[in-house]
Amino acid sequence: MSMLSKTLASTLLALLASTGAMAAGDPGASITRPVGYKPLVGDAALGEKLFNDPKLSTNGMSCASCHANHGAFQASFAKPYPHTVAMAKDQLGRKTVYLDEMVQGCMVMPMAAKPLPWDSKELAALTAYTASLQKTFKPAR
Ligand code: HEC
């Protein structure tokens, strides 16, 4: 390998590593915000429709199958983001997540689907709607 291509290769590697895109070894990459990501302002009413839509999953589930009436949310949901969510930590190695990353986490884990495009109105809408659910969430004690 020439000097130049060696430099190029190591620059590329450093770049990939810094984006968290060394995907093969990083199960959390698919739910990690891309570099330079600017969250869109979402439409919570559209988010509520999507939340109840089983077409988002590949297994017949909708978000509401588990989360209707604040179901399946643990005490962590009451905390400001980013915070630790046990499922994302245990299954995807993500120490802390943002809310949009956790929407993606439930897309890829319980919904058995692909993550939504980061620049989609669907992701923004689900994030806005779940943010509204968080406001009225009281952890069980
Ligand atoms: C099969 C059940 C199931 C489905 C379907 C599901 N989730 Fe979840 N979700 C969970 C569980 C379980 C947790 C809690 C994980 C934990 O605390 O370790 C969770 C956690 C979350 C959290 C993070 C709560 C926190 O503590 O910060 C959000 C936000 C969320 N889900 C949104 C969604 C959205 C949006 C959808 C649909 C795209 C969805 N979920 C679909 C089971 C589900």
# chains A, B, ... in the order shown; residues from 1 in each chain; ligands from 1

$ residues_near_ligand --ligand "ligand 1" --cutoff "6 Å" --atoms "only C-alpha atoms and all ligand atoms" --output "list in words"
Phe51, Met61, Ser62, Cys63, Ser65, Cys66, Ala72, Phe73, Gln74, Ser76, Phe77, Val85, Ala86, Met87, Leu99, Met102, Val103, Cys106, Met107, Pro110, Met111, Leu126 and Thr130 of chain A

$ residues_around --residues "A:Gly36" --least-positions-apart "2" --cutoff "12 Å" --atoms "only C-alpha atoms" --output "list in words"
Thr19, Thr32, Arg33, Pro34, Lys38, Pro39, Trp118 and Asp119 of chain A

$ residues_around --residues "A:Arg94" --least-positions-apart "5" --cutoff "10 Å" --atoms "only C-alpha atoms" --output "PyMOL selection string"
chain A and resi 26-29+31-32+83-89+101+105

$ write_last_selection --atoms "C-alpha atoms" --output "compact mmCIF listing (two decimals), in the first residue's frame"
# COMPACT_ATOMS: atom_id res chain seq x y z
CA ASP A 26 -21.89 -2.28 16.75
CA PRO A 27 -25.44 -3.50 17.25
CA GLY A 28 -26.49 -0.02 18.36
CA ALA A 29 -25.44 1.70 15.10
CA ILE A 31 -30.51 3.44 16.23
CA THR A 32 -27.71 5.99 16.65
CA HIS A 83 -31.11 8.60 29.69
CA THR A 84 -30.50 4.90 30.15
CA VAL A 85 -33.18 2.52 28.89
CA ALA A 86 -32.48 -1.04 30.01
CA MET A 87 -33.59 -2.65 26.73
CA ALA A 88 -31.34 -0.44 24.58
CA LYS A 89 -28.43 -0.97 26.94
CA GLU A 101 -33.24 6.85 19.16
CA GLY A 105 -34.98 1.04 19.14

$ closest_residue --among "A:Leu133, A:Pro82, A:Ala140, A:Ser57" --to "A:Asn69" --atoms "only C-alpha atoms"
A:Leu133

$ select_by_dssp --residues "stretch 11-140 of chain A" --states "helix (DSSP H, G or I)" --output "VMD selection string"
chain A and resid 11 to 19 23 to 25 29 to 31 44 to 51 54 to 56 63 to 70 75 to 78 86 to 92 99 to 108 121 to 135

$ atom_distance --atom1 "atom CA of A:Asp90" --atom2 "atom CA of A:Gly25"
15.1 Å

$ atom_distance --atom1 "atom CA of A:Asn59" --atom2 "atom CA of A:Thr136"
28.4 Å

$ atom_distance --atom1 "atom CA of A:Lys114" --atom2 "atom CA of A:Lys135"
27.3 Å

$ closest_residue --among "A:Pro115, A:Pro139, A:Gly47, A:Gly93" --to "A:His70" --atoms "only C-alpha atoms"
A:Pro139
